[in-house]
$ cat my_file_32.cif   # mmCIF, N, CA and C atoms and all ligand atoms
data_input
loop_
_atom_site.label_atom_id
_atom_site.label_comp_id
_atom_site.auth_asym_id
_atom_site.auth_seq_id
_atom_site.Cartn_x
_atom_site.Cartn_y
_atom_site.Cartn_z
N MET A 1 55.78 135.35 91.61
CA MET A 1 55.34 134.12 90.96
C MET A 1 54.78 133.13 91.97
N PHE A 2 55.51 132.91 93.05
CA PHE A 2 55.01 132.02 94.08
C PHE A 2 54.16 132.80 95.07
N SER A 3 53.02 132.24 95.40
CA SER A 3 52.18 132.92 96.37
C SER A 3 52.43 132.37 97.77
N LEU A 4 53.68 132.17 98.09
CA LEU A 4 54.02 131.71 99.43
C LEU A 4 53.93 132.89 100.38
N GLY A 5 53.78 132.58 101.66
CA GLY A 5 53.80 133.66 102.63
C GLY A 5 55.15 134.36 102.60
N ASP A 6 55.21 135.58 103.08
CA ASP A 6 56.46 136.35 103.02
C ASP A 6 57.59 135.67 103.78
N LEU A 7 57.28 135.11 104.92
CA LEU A 7 58.32 134.44 105.71
C LEU A 7 58.89 133.27 104.91
N TYR A 8 58.00 132.51 104.34
CA TYR A 8 58.42 131.35 103.55
C TYR A 8 59.31 131.79 102.41
N LYS A 9 58.85 132.86 101.73
CA LYS A 9 59.61 133.40 100.61
C LYS A 9 61.01 133.80 101.06
N GLN A 10 61.07 134.48 102.19
CA GLN A 10 62.36 134.95 102.70
C GLN A 10 63.31 133.80 102.98
N VAL A 11 62.77 132.75 103.60
CA VAL A 11 63.62 131.59 103.92
C VAL A 11 64.15 130.97 102.64
N ILE A 12 63.29 130.85 101.63
CA ILE A 12 63.71 130.23 100.37
C ILE A 12 64.73 131.11 99.65
N ILE A 13 64.49 132.41 99.62
CA ILE A 13 65.44 133.32 98.98
C ILE A 13 66.78 133.28 99.70
N ASP A 14 66.73 133.26 101.02
CA ASP A 14 67.96 133.20 101.83
C ASP A 14 68.77 131.95 101.51
N HIS A 15 68.09 130.80 101.44
CA HIS A 15 68.81 129.54 101.18
C HIS A 15 69.26 129.42 99.72
N THR A 16 68.58 130.13 98.82
CA THR A 16 68.99 130.12 97.43
C THR A 16 70.25 130.97 97.25
N LYS A 17 70.25 132.13 97.92
CA LYS A 17 71.39 133.05 97.80
C LYS A 17 72.62 132.52 98.49
N SER A 18 72.44 131.97 99.68
CA SER A 18 73.59 131.41 100.39
C SER A 18 73.28 130.01 100.88
N PRO A 19 73.37 129.05 99.96
CA PRO A 19 73.05 127.66 100.34
C PRO A 19 73.97 127.15 101.44
N ARG A 20 73.39 126.44 102.41
CA ARG A 20 74.16 125.87 103.51
C ARG A 20 74.77 124.55 103.06
N ASN A 21 75.90 124.21 103.64
CA ASN A 21 76.54 122.91 103.37
C ASN A 21 76.76 122.66 101.89
N PHE A 22 77.21 123.70 101.19
CA PHE A 22 77.45 123.59 99.75
C PHE A 22 78.91 123.26 99.51
N GLY A 23 79.18 122.21 98.73
CA GLY A 23 80.55 121.83 98.41
C GLY A 23 80.78 120.37 98.67
N LYS A 24 81.99 119.90 98.38
CA LYS A 24 82.31 118.49 98.61
C LYS A 24 82.49 118.23 100.10
N LEU A 25 82.26 116.97 100.49
CA LEU A 25 82.40 116.60 101.89
C LEU A 25 83.63 115.70 102.05
N GLU A 26 84.42 115.97 103.04
CA GLU A 26 85.59 115.15 103.38
C GLU A 26 85.59 114.86 104.87
N PRO A 27 85.65 113.61 105.33
CA PRO A 27 85.52 112.39 104.52
C PRO A 27 84.06 112.18 104.11
N CYS A 28 83.86 111.26 103.18
CA CYS A 28 82.53 111.00 102.63
C CYS A 28 82.45 109.54 102.24
N ASN A 29 81.45 108.81 102.75
CA ASN A 29 81.35 107.39 102.39
C ASN A 29 80.11 107.02 101.58
N HIS A 30 79.27 108.00 101.30
CA HIS A 30 78.11 107.76 100.42
C HIS A 30 77.93 109.00 99.56
N ASP A 31 77.66 108.81 98.29
CA ASP A 31 77.30 109.96 97.47
C ASP A 31 76.45 109.50 96.29
N ALA A 32 75.74 110.42 95.70
CA ALA A 32 74.89 110.09 94.55
C ALA A 32 74.59 111.36 93.77
N GLU A 33 74.23 111.13 92.51
CA GLU A 33 73.83 112.23 91.64
C GLU A 33 72.32 112.21 91.47
N GLY A 34 71.76 113.37 91.29
CA GLY A 34 70.33 113.46 91.02
C GLY A 34 70.09 114.39 89.85
N TYR A 35 69.07 114.08 89.07
CA TYR A 35 68.77 114.88 87.89
C TYR A 35 67.26 115.00 87.70
N ASN A 36 66.81 116.19 87.52
CA ASN A 36 65.40 116.44 87.24
C ASN A 36 65.27 116.99 85.83
N PRO A 37 65.00 116.12 84.85
CA PRO A 37 64.99 116.56 83.46
C PRO A 37 63.90 117.58 83.15
N LEU A 38 62.86 117.60 83.97
CA LEU A 38 61.76 118.52 83.77
C LEU A 38 62.20 119.98 83.85
N CYS A 39 63.17 120.22 84.73
CA CYS A 39 63.60 121.59 85.00
C CYS A 39 65.08 121.78 84.67
N GLY A 40 65.84 120.66 84.64
CA GLY A 40 67.27 120.75 84.39
C GLY A 40 68.11 120.80 85.65
N ASP A 41 67.48 120.58 86.80
CA ASP A 41 68.21 120.61 88.07
C ASP A 41 69.17 119.43 88.17
N GLN A 42 70.41 119.71 88.56
CA GLN A 42 71.40 118.66 88.78
C GLN A 42 71.97 118.82 90.16
N LEU A 43 72.07 117.70 90.85
CA LEU A 43 72.56 117.71 92.23
C LEU A 43 73.55 116.59 92.43
N HIS A 44 74.50 116.83 93.33
CA HIS A 44 75.35 115.75 93.80
C HIS A 44 75.35 115.87 95.32
N VAL A 45 74.95 114.81 96.01
CA VAL A 45 74.96 114.88 97.47
C VAL A 45 76.05 113.97 98.02
N TYR A 46 76.63 114.41 99.12
CA TYR A 46 77.70 113.69 99.80
C TYR A 46 77.28 113.44 101.24
N LEU A 47 77.47 112.21 101.70
CA LEU A 47 77.13 111.90 103.08
C LEU A 47 78.25 111.15 103.77
N GLN A 48 78.41 111.44 105.03
CA GLN A 48 79.28 110.64 105.89
C GLN A 48 78.38 110.01 106.95
N ILE A 49 78.24 108.68 106.87
CA ILE A 49 77.36 107.96 107.79
C ILE A 49 78.22 107.07 108.67
N ASN A 50 78.05 107.18 109.98
CA ASN A 50 78.92 106.41 110.87
C ASN A 50 78.35 105.02 111.15
N ASP A 51 79.07 104.24 111.97
CA ASP A 51 78.69 102.85 112.24
C ASP A 51 77.35 102.72 112.95
N SER A 52 76.92 103.80 113.60
CA SER A 52 75.62 103.76 114.29
C SER A 52 74.50 104.29 113.39
N ASP A 53 74.76 104.37 112.08
CA ASP A 53 73.76 104.87 111.11
C ASP A 53 73.33 106.31 111.37
N ILE A 54 74.26 107.12 111.85
CA ILE A 54 73.98 108.55 112.03
C ILE A 54 74.64 109.31 110.89
N ILE A 55 73.89 110.26 110.34
CA ILE A 55 74.45 111.11 109.28
C ILE A 55 75.31 112.18 109.94
N GLU A 56 76.62 111.94 109.93
CA GLU A 56 77.54 112.87 110.60
C GLU A 56 77.79 114.11 109.77
N GLY A 57 77.78 113.92 108.46
CA GLY A 57 78.01 115.06 107.58
C GLY A 57 77.19 114.91 106.32
N ILE A 58 76.73 116.04 105.79
CA ILE A 58 75.97 116.00 104.53
C ILE A 58 76.17 117.33 103.82
N THR A 59 76.57 117.24 102.56
CA THR A 59 76.72 118.46 101.74
C THR A 59 76.15 118.18 100.35
N PHE A 60 76.04 119.24 99.56
CA PHE A 60 75.59 119.05 98.18
C PHE A 60 76.28 120.05 97.27
N GLU A 61 76.31 119.68 96.00
CA GLU A 61 76.81 120.55 94.95
C GLU A 61 75.83 120.46 93.80
N GLY A 62 75.91 121.39 92.89
CA GLY A 62 75.09 121.25 91.70
C GLY A 62 74.54 122.57 91.24
N GLN A 63 73.76 122.47 90.18
CA GLN A 63 73.16 123.66 89.60
C GLN A 63 71.69 123.39 89.40
N GLY A 64 70.88 124.30 89.84
CA GLY A 64 69.45 124.09 89.66
C GLY A 64 68.71 125.38 89.93
N CYS A 65 67.40 125.31 89.84
CA CYS A 65 66.57 126.47 90.07
C CYS A 65 66.57 126.81 91.56
N SER A 66 65.94 127.91 91.90
CA SER A 66 65.95 128.36 93.29
C SER A 66 65.28 127.35 94.22
N ILE A 67 64.21 126.73 93.76
CA ILE A 67 63.51 125.78 94.63
C ILE A 67 64.37 124.56 94.91
N SER A 68 65.04 124.03 93.88
CA SER A 68 65.86 122.84 94.11
C SER A 68 67.05 123.17 95.01
N THR A 69 67.62 124.35 94.86
CA THR A 69 68.76 124.75 95.69
C THR A 69 68.32 124.97 97.13
N ALA A 70 67.24 125.71 97.30
CA ALA A 70 66.74 125.98 98.66
C ALA A 70 66.34 124.69 99.35
N SER A 71 65.71 123.79 98.61
CA SER A 71 65.27 122.54 99.21
C SER A 71 66.46 121.70 99.66
N ALA A 72 67.50 121.63 98.82
CA ALA A 72 68.69 120.86 99.18
C ALA A 72 69.40 121.48 100.39
N SER A 73 69.45 122.80 100.41
CA SER A 73 70.10 123.50 101.51
C SER A 73 69.35 123.24 102.83
N LEU A 74 68.04 123.40 102.79
CA LEU A 74 67.22 123.14 103.98
C LEU A 74 67.31 121.68 104.42
N MET A 75 67.36 120.80 103.43
CA MET A 75 67.45 119.37 103.73
C MET A 75 68.75 119.03 104.46
N THR A 76 69.88 119.58 103.98
CA THR A 76 71.16 119.26 104.63
C THR A 76 71.15 119.74 106.07
N GLU A 77 70.55 120.92 106.30
CA GLU A 77 70.44 121.41 107.67
C GLU A 77 69.58 120.47 108.52
N GLY A 78 68.51 119.99 107.91
CA GLY A 78 67.56 119.15 108.63
C GLY A 78 68.09 117.74 108.91
N LEU A 79 68.99 117.26 108.07
CA LEU A 79 69.42 115.85 108.19
C LEU A 79 70.72 115.66 108.97
N LYS A 80 71.49 116.72 109.11
CA LYS A 80 72.77 116.57 109.79
C LYS A 80 72.56 116.12 111.24
N GLY A 81 73.21 115.02 111.61
CA GLY A 81 73.09 114.51 112.97
C GLY A 81 71.93 113.55 113.16
N LYS A 82 71.12 113.36 112.10
CA LYS A 82 69.96 112.47 112.21
C LYS A 82 70.35 111.04 111.83
N SER A 83 69.54 110.09 112.28
CA SER A 83 69.78 108.69 111.93
C SER A 83 69.13 108.36 110.59
N ILE A 84 69.51 107.22 110.04
CA ILE A 84 68.89 106.77 108.79
C ILE A 84 67.39 106.55 108.99
N ALA A 85 67.01 106.01 110.14
CA ALA A 85 65.59 105.80 110.45
C ALA A 85 64.85 107.14 110.45
N ASN A 86 65.51 108.16 111.00
CA ASN A 86 64.94 109.50 111.00
C ASN A 86 64.78 110.05 109.60
N PHE A 87 65.78 109.77 108.77
CA PHE A 87 65.71 110.21 107.38
C PHE A 87 64.46 109.64 106.71
N GLU A 88 64.20 108.34 106.94
CA GLU A 88 63.05 107.69 106.32
C GLU A 88 61.75 108.39 106.72
N ILE A 89 61.66 108.75 108.00
CA ILE A 89 60.46 109.43 108.50
C ILE A 89 60.31 110.80 107.85
N LEU A 90 61.43 111.53 107.78
CA LEU A 90 61.40 112.86 107.16
C LEU A 90 61.09 112.77 105.67
N PHE A 91 61.68 111.77 105.01
CA PHE A 91 61.44 111.58 103.58
C PHE A 91 59.94 111.40 103.32
N GLU A 92 59.32 110.52 104.11
CA GLU A 92 57.89 110.26 103.97
C GLU A 92 57.07 111.53 104.21
N ALA A 93 57.41 112.23 105.27
CA ALA A 93 56.66 113.44 105.64
C ALA A 93 56.82 114.52 104.58
N PHE A 94 58.04 114.65 104.06
CA PHE A 94 58.29 115.68 103.06
C PHE A 94 57.55 115.36 101.76
N HIS A 95 57.64 114.09 101.38
CA HIS A 95 56.99 113.66 100.15
C HIS A 95 55.48 113.85 100.24
N LYS A 96 54.94 113.52 101.40
CA LYS A 96 53.50 113.67 101.62
C LYS A 96 53.11 115.14 101.54
N MET A 97 53.95 115.99 102.16
CA MET A 97 53.67 117.42 102.15
C MET A 97 53.66 117.97 100.73
N ALA A 98 54.62 117.53 99.94
CA ALA A 98 54.78 118.09 98.60
C ALA A 98 53.71 117.59 97.63
N THR A 99 53.08 116.47 97.96
CA THR A 99 52.13 115.89 97.02
C THR A 99 50.70 115.83 97.55
N ALA A 100 50.51 116.26 98.81
CA ALA A 100 49.19 116.16 99.44
C ALA A 100 48.23 117.22 98.88
N ASP A 101 46.97 117.09 99.21
CA ASP A 101 46.00 118.11 98.86
C ASP A 101 46.39 119.43 99.51
N LEU A 102 46.03 120.52 98.85
CA LEU A 102 46.36 121.84 99.37
C LEU A 102 45.78 122.06 100.76
N SER A 103 44.65 121.40 101.04
CA SER A 103 44.00 121.63 102.33
C SER A 103 44.71 120.90 103.47
N ASP A 104 45.51 119.89 103.12
CA ASP A 104 46.23 119.16 104.17
C ASP A 104 47.36 120.01 104.74
N GLN A 105 47.42 120.07 106.05
CA GLN A 105 48.50 120.81 106.68
C GLN A 105 49.73 119.90 106.78
N PRO A 106 50.92 120.47 106.51
CA PRO A 106 52.13 119.65 106.67
C PRO A 106 52.34 119.30 108.13
N ASN A 107 52.97 118.18 108.36
CA ASN A 107 53.26 117.74 109.72
C ASN A 107 54.45 118.53 110.25
N GLN A 108 54.15 119.70 110.80
CA GLN A 108 55.20 120.63 111.21
C GLN A 108 56.04 120.08 112.37
N ASP A 109 55.41 119.23 113.19
CA ASP A 109 56.16 118.63 114.30
C ASP A 109 57.33 117.81 113.79
N VAL A 110 57.10 117.10 112.70
CA VAL A 110 58.15 116.27 112.12
C VAL A 110 59.07 117.10 111.24
N LEU A 111 58.47 117.97 110.44
CA LEU A 111 59.23 118.66 109.40
C LEU A 111 59.97 119.91 109.86
N GLY A 112 59.46 120.56 110.91
CA GLY A 112 60.09 121.79 111.37
C GLY A 112 60.19 122.80 110.24
N LYS A 113 61.40 123.34 110.05
CA LYS A 113 61.65 124.39 109.07
C LYS A 113 61.37 123.93 107.63
N LEU A 114 61.48 122.61 107.41
CA LEU A 114 61.27 122.09 106.05
C LEU A 114 59.86 122.37 105.56
N ALA A 115 58.94 122.65 106.49
CA ALA A 115 57.55 122.92 106.12
C ALA A 115 57.43 124.19 105.27
N VAL A 116 58.47 125.01 105.20
CA VAL A 116 58.37 126.22 104.37
C VAL A 116 58.20 125.87 102.90
N LEU A 117 58.55 124.65 102.53
CA LEU A 117 58.44 124.26 101.12
C LEU A 117 57.06 123.72 100.76
N ALA A 118 56.13 123.76 101.72
CA ALA A 118 54.78 123.23 101.47
C ALA A 118 54.12 123.93 100.29
N GLY A 119 54.47 125.20 100.07
CA GLY A 119 53.83 125.97 99.00
C GLY A 119 54.06 125.44 97.61
N VAL A 120 55.09 124.60 97.43
CA VAL A 120 55.39 124.13 96.06
C VAL A 120 54.27 123.31 95.46
N LYS A 121 53.44 122.72 96.30
CA LYS A 121 52.41 121.86 95.73
C LYS A 121 51.36 122.65 94.93
N GLU A 122 51.38 123.97 95.10
CA GLU A 122 50.52 124.80 94.25
C GLU A 122 51.05 124.85 92.82
N PHE A 123 52.30 124.43 92.65
CA PHE A 123 52.95 124.50 91.35
C PHE A 123 53.49 123.12 90.99
N PRO A 124 52.61 122.27 90.44
CA PRO A 124 52.97 120.87 90.23
C PRO A 124 54.31 120.68 89.51
N SER A 125 54.66 121.61 88.62
CA SER A 125 55.91 121.44 87.89
C SER A 125 57.13 121.66 88.79
N ARG A 126 56.93 122.29 89.95
CA ARG A 126 58.07 122.55 90.84
C ARG A 126 58.21 121.50 91.94
N ILE A 127 57.24 120.62 92.06
CA ILE A 127 57.30 119.63 93.14
C ILE A 127 58.56 118.78 93.01
N LYS A 128 58.90 118.42 91.75
CA LYS A 128 60.07 117.59 91.54
C LYS A 128 61.37 118.34 91.83
N CYS A 129 61.33 119.64 91.69
CA CYS A 129 62.50 120.45 92.06
C CYS A 129 62.75 120.32 93.56
N ALA A 130 61.66 120.31 94.33
CA ALA A 130 61.78 120.26 95.79
C ALA A 130 62.12 118.86 96.30
N THR A 131 61.65 117.83 95.60
CA THR A 131 61.86 116.47 96.10
C THR A 131 63.14 115.81 95.55
N LEU A 132 63.75 116.44 94.53
CA LEU A 132 64.94 115.84 93.91
C LEU A 132 66.03 115.50 94.93
N CYS A 133 66.34 116.44 95.80
CA CYS A 133 67.44 116.21 96.75
C CYS A 133 67.14 115.04 97.68
N TRP A 134 65.87 114.86 98.02
CA TRP A 134 65.50 113.76 98.91
C TRP A 134 65.69 112.41 98.23
N HIS A 135 65.28 112.34 96.95
CA HIS A 135 65.48 111.10 96.20
C HIS A 135 66.97 110.81 96.03
N THR A 136 67.75 111.87 95.88
CA THR A 136 69.19 111.70 95.68
C THR A 136 69.85 111.16 96.95
N VAL A 137 69.44 111.68 98.10
CA VAL A 137 69.99 111.17 99.37
C VAL A 137 69.57 109.72 99.57
N LYS A 138 68.33 109.41 99.21
CA LYS A 138 67.87 108.03 99.35
C LYS A 138 68.76 107.08 98.54
N SER A 139 69.07 107.46 97.30
CA SER A 139 69.91 106.56 96.51
C SER A 139 71.34 106.56 97.02
N ALA A 140 71.81 107.65 97.60
CA ALA A 140 73.16 107.67 98.19
C ALA A 140 73.22 106.70 99.37
N ILE A 141 72.19 106.70 100.20
CA ILE A 141 72.15 105.82 101.37
C ILE A 141 72.08 104.36 100.92
N GLN A 142 71.30 104.13 99.86
CA GLN A 142 71.17 102.75 99.35
C GLN A 142 72.34 102.36 98.47
N ASP A 143 73.26 103.31 98.23
CA ASP A 143 74.42 103.06 97.37
C ASP A 143 74.02 102.58 96.00
N ALA A 144 72.89 103.09 95.51
CA ALA A 144 72.49 102.78 94.15
C ALA A 144 73.50 103.45 93.21
N ASP A 145 73.99 102.73 92.23
CA ASP A 145 75.01 103.34 91.39
C ASP A 145 74.43 103.99 90.14
N LYS A 146 73.13 104.23 90.16
CA LYS A 146 72.55 104.98 89.05
C LYS A 146 72.11 106.35 89.54
N THR A 147 71.97 107.25 88.61
CA THR A 147 71.57 108.60 88.91
C THR A 147 70.10 108.62 89.32
N ALA A 148 69.81 109.27 90.45
CA ALA A 148 68.42 109.42 90.88
C ALA A 148 67.73 110.39 89.91
N ARG A 149 66.60 109.98 89.42
CA ARG A 149 65.86 110.83 88.50
C ARG A 149 64.45 111.02 89.00
N THR A 150 63.91 112.18 88.72
CA THR A 150 62.54 112.43 89.16
C THR A 150 61.57 111.91 88.12
N GLU A 151 62.06 111.52 86.96
CA GLU A 151 61.18 111.01 85.90
C GLU A 151 61.44 109.53 85.70
ZN ZN B 201 63.91 123.11 89.32
#
$ encode --input "my_file_32.cif" --output "structure tokens"
Amino acid sequence: MFSLGDLYKQVIIDHTKSPRNFGKLEPCNHDAEGYNPLCGDQLHVYLQINDSDIIEGITFEGQGCSISTASASLMTEGLKGKSIANFEILFEAFHKMATADLSDQPNQDVLGKLAVLAGVKEFPSRIKCATLCWHTVKSAIQDADKTARTE
């Protein structure tokens, strides 16, 4: 179904089958729920952010399609140990990658492994599956007490 390169496909299948950082986080001082009504993806992210604004721990739980699960798994790997300022940069880069023209190359220097999700922009209905976890972390950091929604 997806015409991603084989390597990309493998990474996504791997993270879907065995998601990293899956489960509740202890201790945890920020969390939020995310919901993508378009696909039915539901996520709950947990963060432990220290006094220096470093994300010391990040996990997620939930049920969703393979893209939303793989994206959340890759995101937790990418954000662990990063600062809030770093998160903002990654959020921007990821969002740009997922919504940019097909001809635009993702900023691999910033995104690293997260660039494997660049292929989703060929499938507009799946873009929100990939970006849901990022919006959810953003609302967790901002301590918004409403559910992050892609719609
Ligand atoms: Zn989905």
$ atom_distance --input "my_file_32.cif" --atom1 "atom ZN of ligand ZN 201 (chain B)" --atom2 "atom CA of A:Ile67"
6.0 Å
$ closest_residue --input "my_file_32.cif" --among "A:Ala98, A:Ile84, A:Ile12, A:Ser103" --to "A:Gly119" --atoms "only N, CA and C atoms"
A:Ala98
$ residues_near_ligand --input "my_file_32.cif" --ligand "ligand ZN 201 (chain B)" --cutoff "5 Å" --atoms "all atoms listed in the file" --output "PyMOL selection string"
chain A and resi 39+65+68+129
$ write_last_selection --input "my_file_32.cif" --atoms "N, CA and C atoms" --output "PDB file, in the frame of the given file"
ATOM      1  N   CYS A  39      63.170 120.220  84.730  1.00  0.00           N
ATOM      2  CA  CYS A  39      63.600 121.590  85.000  1.00  0.00           C
ATOM      3  C   CYS A  39      65.080 121.780  84.670  1.00  0.00           C
ATOM      4  N   CYS A  65      67.400 125.310  89.840  1.00  0.00           N
ATOM      5  CA  CYS A  65      66.570 126.470  90.070  1.00  0.00           C
ATOM      6  C   CYS A  65      66.570 126.810  91.560  1.00  0.00           C
ATOM      7  N   SER A  68      65.040 124.030  93.880  1.00  0.00           N
ATOM      8  CA  SER A  68      65.860 122.840  94.110  1.00  0.00           C
ATOM      9  C   SER A  68      67.050 123.170  95.010  1.00  0.00           C
ATOM     10  N   CYS A 129      61.330 119.640  91.690  1.00  0.00           N
ATOM     11  CA  CYS A 129      62.500 120.450  92.060  1.00  0.00           C
ATOM     12  C   CYS A 129      62.750 120.320  93.560  1.00  0.00           C
TER      13      CYS A 129
END
$ closest_residue --input "my_file_32.cif" --among "A:Pro37, A:Gly81, A:Gly23, A:Gly64" --to "A:Ile49" --atoms "only C-alpha atoms"
A:Gly81
$ closest_residue --input "my_file_32.cif" --among "A:Asn50, A:Leu74, A:Pro106, A:His135" --to "A:Phe91" --atoms "only C-alpha atoms"
A:His135
$ decode --input "my_file_32.cif" --residues "stretch 123-138 of chain A" --atoms "N, CA, C and O atoms" --output "compact mmCIF listing (two decimals), in the first residue's frame"
# COMPACT_ATOMS: atom_id res chain seq x y z
N PHE A 123 0.22 10.23 1.22
CA PHE A 123 -1.10 9.73 1.62
C PHE A 123 -1.71 10.71 2.60
O PHE A 123 -1.60 10.54 3.81
N PRO A 124 -2.35 11.77 2.06
CA PRO A 124 -2.81 12.87 2.92
C PRO A 124 -3.64 12.40 4.12
O PRO A 124 -3.57 13.00 5.19
N SER A 125 -4.38 11.30 3.96
CA SER A 125 -5.21 10.85 5.07
C SER A 125 -4.37 10.28 6.21
O SER A 125 -4.85 10.14 7.33
N ARG A 126 -3.11 9.94 5.93
CA ARG A 126 -2.26 9.36 6.98
C ARG A 126 -1.37 10.39 7.66
O ARG A 126 -0.71 10.07 8.65
N ILE A 127 -1.33 11.60 7.13
CA ILE A 127 -0.45 12.61 7.72
C ILE A 127 -0.80 12.85 9.18
O ILE A 127 0.06 12.95 10.05
N LYS A 128 -2.12 12.87 9.46
CA LYS A 128 -2.54 13.12 10.84
C LYS A 128 -2.22 11.96 11.76
O LYS A 128 -2.06 12.14 12.97
N CYS A 129 -2.13 10.77 11.20
CA CYS A 129 -1.71 9.62 12.00
C CYS A 129 -0.27 9.83 12.47
O CYS A 129 0.08 9.50 13.60
N ALA A 130 0.56 10.38 11.58
CA ALA A 130 1.98 10.56 11.90
C ALA A 130 2.22 11.76 12.81
O ALA A 130 3.15 11.75 13.62
N THR A 131 1.38 12.79 12.70
CA THR A 131 1.63 14.00 13.49
C THR A 131 0.89 14.01 14.83
O THR A 131 1.20 14.82 15.69
N LEU A 132 -0.04 13.07 15.02
CA LEU A 132 -0.83 13.04 16.26
C LEU A 132 0.04 13.04 17.51
O LEU A 132 -0.18 13.82 18.44
N CYS A 133 1.04 12.18 17.54
CA CYS A 133 1.86 12.05 18.76
C CYS A 133 2.60 13.36 19.06
O CYS A 133 2.77 13.73 20.22
N TRP A 134 2.98 14.08 18.02
CA TRP A 134 3.70 15.34 18.23
C TRP A 134 2.79 16.40 18.84
O TRP A 134 3.18 17.14 19.73
N HIS A 135 1.54 16.46 18.32
CA HIS A 135 0.58 17.41 18.89
C HIS A 135 0.27 17.05 20.34
O HIS A 135 0.06 17.92 21.18
N THR A 136 0.25 15.75 20.62
CA THR A 136 -0.07 15.30 21.98
C THR A 136 1.04 15.68 22.95
O THR A 136 0.78 16.14 24.06
N VAL A 137 2.29 15.52 22.52
CA VAL A 137 3.42 15.93 23.38
C VAL A 137 3.39 17.44 23.60
O VAL A 137 3.63 17.92 24.71
N LYS A 138 3.06 18.17 22.54
CA LYS A 138 3.00 19.63 22.68
C LYS A 138 1.98 20.02 23.75
O LYS A 138 2.25 20.87 24.59
